[in-house]
Structures are given as C-alpha cells and as structure tokens.
file entry32.cif (mmCIF, C-alpha atoms)
data_coords
loop_
_atom_site.label_atom_id
_atom_site.label_comp_id
_atom_site.auth_asym_id
_atom_site.auth_seq_id
_atom_site.Cartn_x
_atom_site.Cartn_y
_atom_site.Cartn_z
CA MET C 10 0.00 0.00 0.00
CA THR C 11 1.65 3.23 -1.12
CA GLU C 12 1.88 6.38 0.99
CA ALA C 13 -0.09 8.29 -1.67
CA LYS C 14 -3.07 5.99 -1.18
CA VAL C 15 -3.19 5.96 2.61
CA GLY C 16 -1.78 9.41 3.47
CA VAL C 17 1.35 10.88 5.00
CA ALA C 18 1.80 9.93 8.65
CA PRO C 19 3.78 11.92 11.24
CA TYR C 20 7.38 11.00 11.98
CA ILE C 21 7.77 8.07 14.39
CA SER C 22 10.47 8.61 17.00
CA PRO C 23 11.89 5.67 18.99
CA GLU C 24 9.70 6.73 21.92
CA ARG C 25 6.65 6.90 19.69
CA GLN C 26 7.48 3.50 18.25
CA GLY C 27 7.37 2.07 21.76
CA GLU C 28 3.95 3.61 22.39
CA LEU C 29 2.59 2.11 19.19
CA PHE C 30 4.10 -1.32 19.93
CA SER C 31 2.50 -1.28 23.38
CA PHE C 32 -0.88 -0.39 21.93
CA VAL C 33 -0.75 -3.16 19.33
CA LYS C 34 0.09 -5.58 22.12
CA LYS C 35 -3.13 -4.51 23.86
CA LEU C 36 -5.06 -5.25 20.68
CA GLY C 37 -3.61 -8.76 20.61
CA ILE C 38 -2.81 -8.70 16.90
CA GLU C 39 0.20 -8.33 14.63
CA LEU C 40 0.70 -5.26 12.47
CA LYS C 41 3.10 -4.64 9.59
CA ASP C 42 2.72 -0.91 8.88
CA TYR C 43 3.19 1.24 11.97
CA ASN C 44 3.09 4.40 9.88
CA LEU C 45 -0.48 3.50 9.04
CA LEU C 46 -1.30 3.01 12.72
CA ASN C 47 0.34 6.32 13.57
CA LEU C 48 -1.84 7.97 10.93
CA ALA C 49 -4.91 6.38 12.53
CA PHE C 50 -3.98 8.20 15.75
CA THR C 51 -3.45 11.58 14.04
CA HIS C 52 -6.21 14.10 14.71
CA ARG C 53 -6.56 16.95 12.21
CA SER C 54 -5.53 19.50 14.86
CA TYR C 55 -2.12 17.81 15.10
CA ALA C 56 -1.72 17.52 11.33
CA HIS C 57 -2.42 21.24 10.92
CA GLU C 58 0.44 22.11 13.27
CA CYS C 59 3.07 19.88 11.63
CA ALA C 60 5.93 21.70 9.89
CA VAL C 61 5.79 19.26 6.95
CA VAL C 62 2.77 18.04 5.02
CA THR C 63 0.94 15.53 7.21
CA ASP C 64 -2.44 13.89 6.73
CA ASN C 65 -5.02 13.07 9.41
CA ASN C 66 -7.07 10.01 10.33
CA GLU C 67 -10.39 11.06 8.76
CA ARG C 68 -10.12 8.86 5.64
CA LEU C 69 -9.22 5.84 7.78
CA GLU C 70 -12.14 6.72 10.05
CA PHE C 71 -14.50 6.63 7.06
CA LEU C 72 -13.23 3.19 6.06
CA GLY C 73 -13.24 1.85 9.60
CA ASP C 74 -16.84 2.92 10.12
CA SER C 75 -17.91 0.65 7.26
CA VAL C 76 -15.78 -2.27 8.48
CA LEU C 77 -17.22 -1.84 11.97
CA GLY C 78 -20.80 -1.76 10.73
CA LEU C 79 -20.40 -4.86 8.57
CA SER C 80 -18.63 -6.79 11.33
CA VAL C 81 -21.31 -6.03 13.92
CA SER C 82 -24.12 -6.75 11.44
CA ASN C 83 -22.53 -10.09 10.57
CA TRP C 84 -22.25 -11.04 14.27
CA LEU C 85 -25.87 -10.11 14.95
CA PHE C 86 -27.14 -12.03 11.93
CA LEU C 87 -25.25 -15.21 12.86
CA ASN C 88 -25.74 -15.15 16.63
CA LEU C 89 -29.31 -13.88 17.06
CA PRO C 90 -31.33 -15.95 14.57
CA SER C 91 -34.66 -15.31 16.30
CA LYS C 92 -34.42 -11.51 16.10
CA HIS C 93 -35.82 -9.32 13.35
CA GLU C 94 -34.36 -6.52 11.23
CA GLY C 95 -35.81 -3.77 13.40
CA PHE C 96 -34.06 -5.14 16.47
CA PHE C 97 -30.82 -5.52 14.54
CA SER C 98 -31.01 -1.87 13.52
CA ARG C 99 -31.56 -0.71 17.11
CA ILE C 100 -28.77 -2.77 18.63
CA LYS C 101 -26.32 -1.95 15.84
CA SER C 102 -27.06 1.76 16.21
CA ALA C 103 -26.31 1.58 19.94
CA VAL C 104 -23.23 -0.64 19.66
CA VAL C 105 -21.46 1.39 16.95
CA SER C 106 -22.45 4.73 18.49
CA GLU C 107 -20.05 7.39 19.68
CA ASP C 108 -20.81 6.54 23.32
CA SER C 109 -20.10 2.85 22.81
CA LEU C 110 -16.86 3.39 20.90
CA TYR C 111 -15.77 5.91 23.51
CA GLN C 112 -16.08 3.27 26.23
CA VAL C 113 -13.93 0.87 24.19
CA ALA C 114 -11.37 3.61 23.56
CA LEU C 115 -11.12 4.35 27.27
CA LYS C 116 -10.47 0.69 28.08
CA LEU C 117 -7.68 0.54 25.48
CA GLY C 118 -6.09 3.82 26.57
CA VAL C 119 -6.51 5.46 23.16
CA GLY C 120 -6.38 8.91 24.76
CA GLU C 121 -2.81 8.25 25.88
CA VAL C 122 -1.67 7.57 22.30
CA VAL C 123 -3.78 9.90 20.12
CA LEU C 124 -1.95 12.87 18.56
CA VAL C 125 -3.74 16.21 18.96
CA GLY C 126 -2.66 19.81 18.47
CA LYS C 127 -1.50 21.98 21.35
CA GLY C 128 -4.75 23.89 21.62
CA GLU C 129 -6.82 20.73 21.47
CA GLY C 130 -4.56 19.12 24.06
CA HIS C 131 -4.93 22.05 26.45
CA SER C 132 -8.72 21.89 26.12
CA GLY C 133 -8.84 18.20 27.05
CA GLY C 134 -8.84 16.78 23.52
CA ARG C 135 -7.32 13.47 24.58
CA LYS C 136 -10.44 12.82 26.64
CA LYS C 137 -13.05 14.10 24.18
CA LYS C 138 -15.67 11.56 23.22
CA ALA C 139 -15.78 12.51 19.53
CA ILE C 140 -12.00 12.40 19.08
CA LEU C 141 -11.57 9.03 20.80
CA SER C 142 -14.54 7.35 19.10
CA ASP C 143 -13.41 8.60 15.68
CA CYS C 144 -9.92 7.32 16.43
CA MET C 145 -11.30 3.85 17.19
CA GLU C 146 -12.92 3.75 13.75
CA ALA C 147 -9.63 4.85 12.17
CA ILE C 148 -7.84 2.04 14.02
CA PHE C 149 -10.33 -0.48 12.60
CA GLY C 150 -9.66 0.95 9.15
CA CYS C 151 -5.92 0.59 9.70
CA VAL C 152 -6.21 -3.05 10.79
CA TYR C 153 -8.43 -3.81 7.79
CA ILE C 154 -5.86 -2.40 5.33
CA ASP C 155 -2.88 -3.97 7.09
CA GLN C 156 -4.25 -7.40 7.97
CA GLY C 157 -7.42 -7.91 5.95
CA PHE C 158 -11.10 -8.19 6.79
CA GLU C 159 -10.99 -11.42 8.81
CA VAL C 160 -8.45 -10.07 11.32
CA ALA C 161 -10.27 -6.74 11.52
CA ARG C 162 -13.63 -8.47 12.02
CA ASN C 163 -12.27 -10.75 14.74
CA LEU C 164 -10.76 -7.77 16.56
CA ILE C 165 -13.98 -5.78 16.31
CA VAL C 166 -16.07 -8.70 17.55
CA ARG C 167 -13.74 -9.23 20.51
CA LEU C 168 -13.90 -5.55 21.45
CA MET C 169 -17.59 -4.99 20.76
CA GLU C 170 -19.14 -8.20 22.15
CA PRO C 171 -19.17 -6.73 25.69
CA GLN C 172 -21.04 -3.71 24.28
CA ILE C 173 -23.56 -6.00 22.57
CA ASP C 174 -24.01 -7.93 25.82
CA ALA C 175 -24.48 -4.67 27.72
CA PHE C 176 -27.20 -3.62 25.28
CA LEU C 177 -28.99 -6.95 25.63
CA LYS C 178 -28.91 -6.52 29.40
CA HIS C 179 -30.10 -2.89 29.13
CA LYS C 180 -26.81 -1.57 30.54
CA ILE C 181 -26.05 0.82 27.70
CA VAL C 182 -28.30 3.53 26.31
CA ARG C 183 -30.94 2.42 23.86
CA ASP C 184 -32.87 4.56 21.42
CA TYR C 185 -35.99 4.50 23.56
CA LYS C 186 -37.86 6.92 21.29
CA THR C 187 -37.54 4.61 18.32
CA ALA C 188 -38.45 1.55 20.39
CA ILE C 189 -41.70 2.96 21.75
CA GLN C 190 -42.62 4.57 18.43
CA GLU C 191 -42.30 1.25 16.61
CA TYR C 192 -44.35 -0.45 19.30
CA SER C 193 -47.03 2.27 19.30
CA GLN C 194 -47.41 2.25 15.53
CA LYS C 195 -47.55 -1.54 15.41
CA THR C 196 -50.01 -1.87 18.31
CA TRP C 197 -52.28 1.18 18.04
CA LYS C 198 -51.43 2.69 14.63
CA LYS C 199 -50.47 5.88 16.47
CA VAL C 200 -47.24 7.76 17.15
CA PRO C 201 -46.23 8.90 20.65
CA ILE C 202 -47.03 12.53 21.47
CA TYR C 203 -44.35 14.51 23.32
CA THR C 204 -45.26 17.61 25.35
CA LEU C 205 -42.86 20.15 26.81
CA GLU C 206 -44.20 20.61 30.35
CA LYS C 207 -41.76 23.19 31.71
CA THR C 208 -38.20 24.54 31.63
CA ILE C 209 -36.14 25.39 34.71
CA GLY C 210 -32.97 27.44 35.05
CA PRO C 211 -31.24 30.36 33.31
CA ASP C 212 -30.74 30.46 29.54
CA HIS C 213 -27.19 29.08 29.74
CA ASP C 214 -28.14 26.18 32.01
CA ARG C 215 -31.71 25.14 31.30
CA THR C 216 -33.34 21.82 32.11
CA PHE C 217 -36.29 20.79 29.93
CA TYR C 218 -39.09 18.57 31.23
CA VAL C 219 -41.08 16.53 28.71
CA SER C 220 -43.89 13.97 29.00
CA VAL C 221 -44.93 11.41 26.41
CA ASN C 222 -48.43 10.11 25.73
CA LEU C 223 -48.94 6.59 24.41
CA ASN C 224 -52.49 5.77 23.38
CA GLY C 225 -53.93 7.94 26.14
CA THR C 226 -51.46 7.05 28.88
CA SER C 227 -48.95 9.72 29.93
CA PHE C 228 -45.42 9.05 31.16
CA GLY C 229 -43.21 11.65 32.81
CA PRO C 230 -42.32 14.40 32.85
CA ALA C 231 -38.61 13.60 32.62
CA GLY C 232 -35.76 16.06 32.43
CA GLY C 233 -32.85 16.70 30.07
CA LYS C 234 -30.43 19.48 29.13
CA ASN C 235 -32.15 19.84 25.76
CA LYS C 236 -35.54 18.84 24.36
CA LYS C 237 -34.14 15.80 22.54
CA ASN C 238 -32.57 14.37 25.69
CA ALA C 239 -35.72 15.10 27.69
CA GLN C 240 -37.80 13.23 25.09
CA GLN C 241 -35.45 10.26 25.34
CA ALA C 242 -35.76 10.33 29.12
CA ALA C 243 -39.56 10.36 28.91
CA ALA C 244 -39.50 7.57 26.33
CA LYS C 245 -37.30 5.56 28.69
CA LEU C 246 -39.93 5.84 31.43
CA ALA C 247 -42.57 4.53 29.03
CA PHE C 248 -40.26 1.78 27.77
CA GLU C 249 -39.45 0.54 31.28
CA LYS C 250 -43.10 0.64 32.39
CA LEU C 251 -44.22 -1.37 29.36
CA GLU C 252 -41.44 -3.90 29.98
CA GLU C 253 -42.68 -4.29 33.57
CA GLU C 254 -46.06 -5.14 32.08
CA GLY C 255 -44.55 -7.90 29.99
CA ILE C 256 -43.89 -6.18 26.66
CA ASP C 257 -40.80 -7.61 24.94
CA PHE C 258 -39.31 -4.97 22.66
CA ASP C 259 -36.59 -7.35 21.44
CA CYS C 260 -38.81 -9.99 19.89
#
call {"tool": "encode", "arguments": {"input": "entry32.cif", "output": "structure tokens"}}
result
Amino acid sequence: MTEAKVGVAPYISPERQGELFSFVKKLGIELKDYNLLNLAFTHRSYAHECAVVTDNNERLEFLGDSVLGLSVSNWLFLNLPSKHEGFFSRIKSAVVSEDSLYQVALKLGVGEVVLVGKGEGHSGGRKKKAILSDCMEAIFGCVYIDQGFEVARNLIVRLMEPQIDAFLKHKIVRDYKTAIQEYSQKTWKKVPIYTLEKTIGPDHDRTFYVSVNLNGTSFGPAGGKNKKNAQQAAAKLAFEKLEEEGIDFDC
C-alpha cells in the first residue's frame, strides 16, 4: 500500500514506536505498517500544526466505520437468529455509536496515544468523546488495510461483544424513542405525542421537562439538558413501564 493511497503519517520517533508497539500488544494482533497506525492516531488538529505536510485520520475513520458496521451486522445475523431486522437496527445503532466506541477507547487507553494539536490538548482533547470514538474507527480501518477483513472483524467482535451484551442486558443507552414509536405504531397505529411541560434554570443552564403520551397514557415528565434528551428520558420511562407489564421490545 503506497503512501499516496493511505496518506502521510507523522514522523515516528523511537519513543513513539514504543507507544505504538504497546498499543498493538493490547489489541492482541500483529501489524506490519506502523506508519499507518500512527496515521490512525493523528487528529486533524495535530496535522495542521506539523511543519511538513501531514495527513489526518479522517479517511481511515471513514473506512473503519464501514468495516465496523459490517462486522457487527454479521455477528448479529449469525448469533441472534430469532431476532428481526428492526431489532438488529436498534442494537447496531447503539453498539457502533459514539458513546459505545468511547467506552472501548477508554479501556484501550486510546487517549494516551492519540496525537492532537497543542490547543486541542490544552482543552482536554485526549479525553473528548468525539475524538476518541473517531480514532477507534480509524484504528479499525488501519487493521483492515494492514491485515485484511478477517483479522479486523475478529478484533472488532472481541472488542464490541461486551457492548452488545451490555445492550442486551439494558446496561447501555438504547434509542428509547424509536423503540416505543415502533411499538405504538404496530399496536395502536399511532405515534407517541411529546409535550414540553416546563423549563427550569437560566438560559445558559436550562433543564427541559417533557412527557410522552402513548395511546392515552402519559409518562413523565422527565428532564434533560435539551428537548431531545428530555424526550429520550420520557421515552425511557414509558419503555421501562411497558417492559414491567410484559412487553418484549426485542422480539
């Protein structure tokens, strides 16, 4: 794979080489091209500050996102034969989400290896959810190019299976709005109705309280820092109440 195709990575010092070796050891795989891995760790803020032309990890992130999605979809299809497409879509959305990838990145110590610019570093960039989750996707893209799909898929499955298990046990955030909407449309041919009940706090620090009505039954209000989060919180109340009544959203 030529440099022109994958991008120009930052210089790897002996110290940096050691950091990359240690990270690959955590992944439990072999890697041939450490320049490619270094590129996967290169945030655009760092590339912009380099004295020589240097690329960033965004192209690898794009590729890794597709490899991640296919790998998770393949696992779901093979391991959950009784589930339907709607459930697959919900669990995949949660498992490949920014929040989920961020948790994996924290466990692997990605923030200790990622390259960010000085300003980004001073503002806590090595701990930012978006930067670390994007970096995870770039790493998957790197492994796919370097080792092929099977190795990349096996790595992704090993890292993401705990996230899948957490979803199945309701330990990571679900898209509760979608779940109750699908149920409401299927059962009553109606969509949930969300109502903003009140807002509390100054303009810069407001909390919104929203209730949701399902076929005449109201749940909430529940609070959130914006209307979207408040709607999710209200939908969660409805979801949990319906589950208590025996509704299985995963069937």
call {"tool": "residues_around", "arguments": {"input": "entry32.cif", "residues": "Gln190 (chain C)", "least_positions_apart": "2", "cutoff": "10 Å", "atoms": "all atoms listed in the file", "output": "PyMOL selection string"}}
result
chain C and resi 185-188+192-196+198-202+223+244
call {"tool": "atom_distance", "arguments": {"input": "entry32.cif", "atom1": "CA of Ala49 (chain C)", "atom2": "CA of Arg99 (chain C)"}}
result
28.0 Å
call {"tool": "resolve_selection", "arguments": {"input": "entry32.cif", "expression": "the PyMOL selection byres ((chain C and resi 111-123) around 10)", "output": "MDAnalysis selection string"}}
result
chainID C and resid 25 28:29 31:33 35:36 47:52 55 105:110 124:125 133:146 148 168:169 171:172
call {"tool": "atom_distance", "arguments": {"input": "entry32.cif", "atom1": "CA of Ile165 (chain C)", "atom2": "CA of Lys14 (chain C)"}}
result
23.7 Å
call {"tool": "atom_distance", "arguments": {"input": "entry32.cif", "atom1": "CA of Ser91 (chain C)", "atom2": "CA of Lys245 (chain C)"}}
result
24.4 Å
call {"tool": "closest_residue", "arguments": {"input": "entry32.cif", "among": "C:Glu70, C:Glu252, C:Glu191, C:Glu170", "to": "Tyr153 (chain C)", "atoms": "only C-alpha atoms"}}
result
C:Glu70
call {"tool": "residues_near_point", "arguments": {"input": "entry32.cif", "point": "(1.0, 8.8, 7.8)", "cutoff": "9 Å", "atoms": "only C-alpha atoms", "output": "PyMOL selection string"}}
result
chain C and resi 12+15-20+43-49+51+63-66
call {"tool": "resolve_selection", "arguments": {"input": "entry32.cif", "expression": "the PyMOL selection byres ((chain C and resi 208-218) around 12)", "output": "NGL selection string"}}
result
:C and (203-207 or 219-221 or 228-243)
call {"tool": "closest_residue", "arguments": {"input": "entry32.cif", "among": "C:Leu246, C:Val104, C:Ile189, C:Leu69", "to": "Ser82 (chain C)", "atoms": "only C-alpha atoms"}}
result
C:Val104
call {"tool": "closest_residue", "arguments": {"input": "entry32.cif", "among": "C:Lys41, C:Lys250, C:Glu24, C:Phe30", "to": "Gln156 (chain C)", "atoms": "only C-alpha atoms"}}
result
C:Lys41
call {"tool": "resolve_selection", "arguments": {"input": "entry32.cif", "expression": "the PyMOL selection byres ((chain C and resi 73) around 6)", "output": "list of chain:residue names"}}
result
C:Leu69, C:Glu70, C:Phe71, C:Leu72, C:Asp74, C:Ser75, C:Val76, C:Leu77, C:Glu146, C:Ala147, C:Phe149, C:Gly150
call {"tool": "closest_residue", "arguments": {"input": "entry32.cif", "among": "C:Val152, C:Leu177, C:Ala247, C:Ile256", "to": "Lys92 (chain C)", "atoms": "all atoms listed in the file"}}
result
C:Leu177
call {"tool": "build_atoms", "arguments": {"input": "entry32.cif", "residues": "region 136-151 of chain C", "atoms": "N, CA and C atoms", "output": "PDB file, in the frame of the given file"}}
result
ATOM      1  N   LYS C 136      -9.341  13.458  25.910  1.00  0.00           N
ATOM      2  CA  LYS C 136     -10.440  12.820  26.640  1.00  0.00           C
ATOM      3  C   LYS C 136     -11.787  13.054  25.955  1.00  0.00           C
ATOM      4  N   LYS C 137     -11.785  13.776  24.835  1.00  0.00           N
ATOM      5  CA  LYS C 137     -13.050  14.100  24.180  1.00  0.00           C
ATOM      6  C   LYS C 137     -13.660  12.875  23.515  1.00  0.00           C
ATOM      7  N   LYS C 138     -14.947  12.734  23.729  1.00  0.00           N
ATOM      8  CA  LYS C 138     -15.670  11.560  23.220  1.00  0.00           C
ATOM      9  C   LYS C 138     -15.569  11.450  21.704  1.00  0.00           C
ATOM     10  N   ALA C 139     -15.780  12.546  20.999  1.00  0.00           N
ATOM     11  CA  ALA C 139     -15.780  12.510  19.530  1.00  0.00           C
ATOM     12  C   ALA C 139     -14.416  12.131  18.987  1.00  0.00           C
ATOM     13  N   ILE C 140     -13.356  12.686  19.573  1.00  0.00           N
ATOM     14  CA  ILE C 140     -12.000  12.400  19.080  1.00  0.00           C
ATOM     15  C   ILE C 140     -11.634  10.944  19.312  1.00  0.00           C
ATOM     16  N   LEU C 141     -11.946  10.411  20.481  1.00  0.00           N
ATOM     17  CA  LEU C 141     -11.570   9.030  20.800  1.00  0.00           C
ATOM     18  C   LEU C 141     -12.404   8.020  20.015  1.00  0.00           C
ATOM     19  N   SER C 142     -13.694   8.288  19.855  1.00  0.00           N
ATOM     20  CA  SER C 142     -14.540   7.350  19.100  1.00  0.00           C
ATOM     21  C   SER C 142     -14.154   7.352  17.625  1.00  0.00           C
ATOM     22  N   ASP C 143     -13.861   8.522  17.069  1.00  0.00           N
ATOM     23  CA  ASP C 143     -13.410   8.600  15.680  1.00  0.00           C
ATOM     24  C   ASP C 143     -12.081   7.869  15.501  1.00  0.00           C
ATOM     25  N   CYS C 144     -11.214   7.989  16.489  1.00  0.00           N
ATOM     26  CA  CYS C 144      -9.920   7.320  16.430  1.00  0.00           C
ATOM     27  C   CYS C 144     -10.088   5.800  16.432  1.00  0.00           C
ATOM     28  N   MET C 145     -11.049   5.297  17.193  1.00  0.00           N
ATOM     29  CA  MET C 145     -11.300   3.850  17.190  1.00  0.00           C
ATOM     30  C   MET C 145     -11.682   3.379  15.798  1.00  0.00           C
ATOM     31  N   GLU C 146     -12.527   4.126  15.110  1.00  0.00           N
ATOM     32  CA  GLU C 146     -12.920   3.750  13.750  1.00  0.00           C
ATOM     33  C   GLU C 146     -11.716   3.776  12.820  1.00  0.00           C
ATOM     34  N   ALA C 147     -10.844   4.777  12.992  1.00  0.00           N
ATOM     35  CA  ALA C 147      -9.630   4.850  12.170  1.00  0.00           C
ATOM     36  C   ALA C 147      -8.720   3.656  12.432  1.00  0.00           C
ATOM     37  N   ILE C 148      -8.644   3.212  13.674  1.00  0.00           N
ATOM     38  CA  ILE C 148      -7.840   2.040  14.020  1.00  0.00           C
ATOM     39  C   ILE C 148      -8.395   0.799  13.317  1.00  0.00           C
ATOM     40  N   PHE C 149      -9.713   0.659  13.311  1.00  0.00           N
ATOM     41  CA  PHE C 149     -10.330  -0.480  12.600  1.00  0.00           C
ATOM     42  C   PHE C 149     -10.009  -0.417  11.108  1.00  0.00           C
ATOM     43  N   GLY C 150     -10.027   0.795  10.549  1.00  0.00           N
ATOM     44  CA  GLY C 150      -9.660   0.950   9.150  1.00  0.00           C
ATOM     45  C   GLY C 150      -8.219   0.566   8.895  1.00  0.00           C
ATOM     46  N   CYS C 151      -7.341   0.938   9.795  1.00  0.00           N
ATOM     47  CA  CYS C 151      -5.920   0.590   9.700  1.00  0.00           C
ATOM     48  C   CYS C 151      -5.724  -0.922   9.728  1.00  0.00           C
TER      49      CYS C 151
END
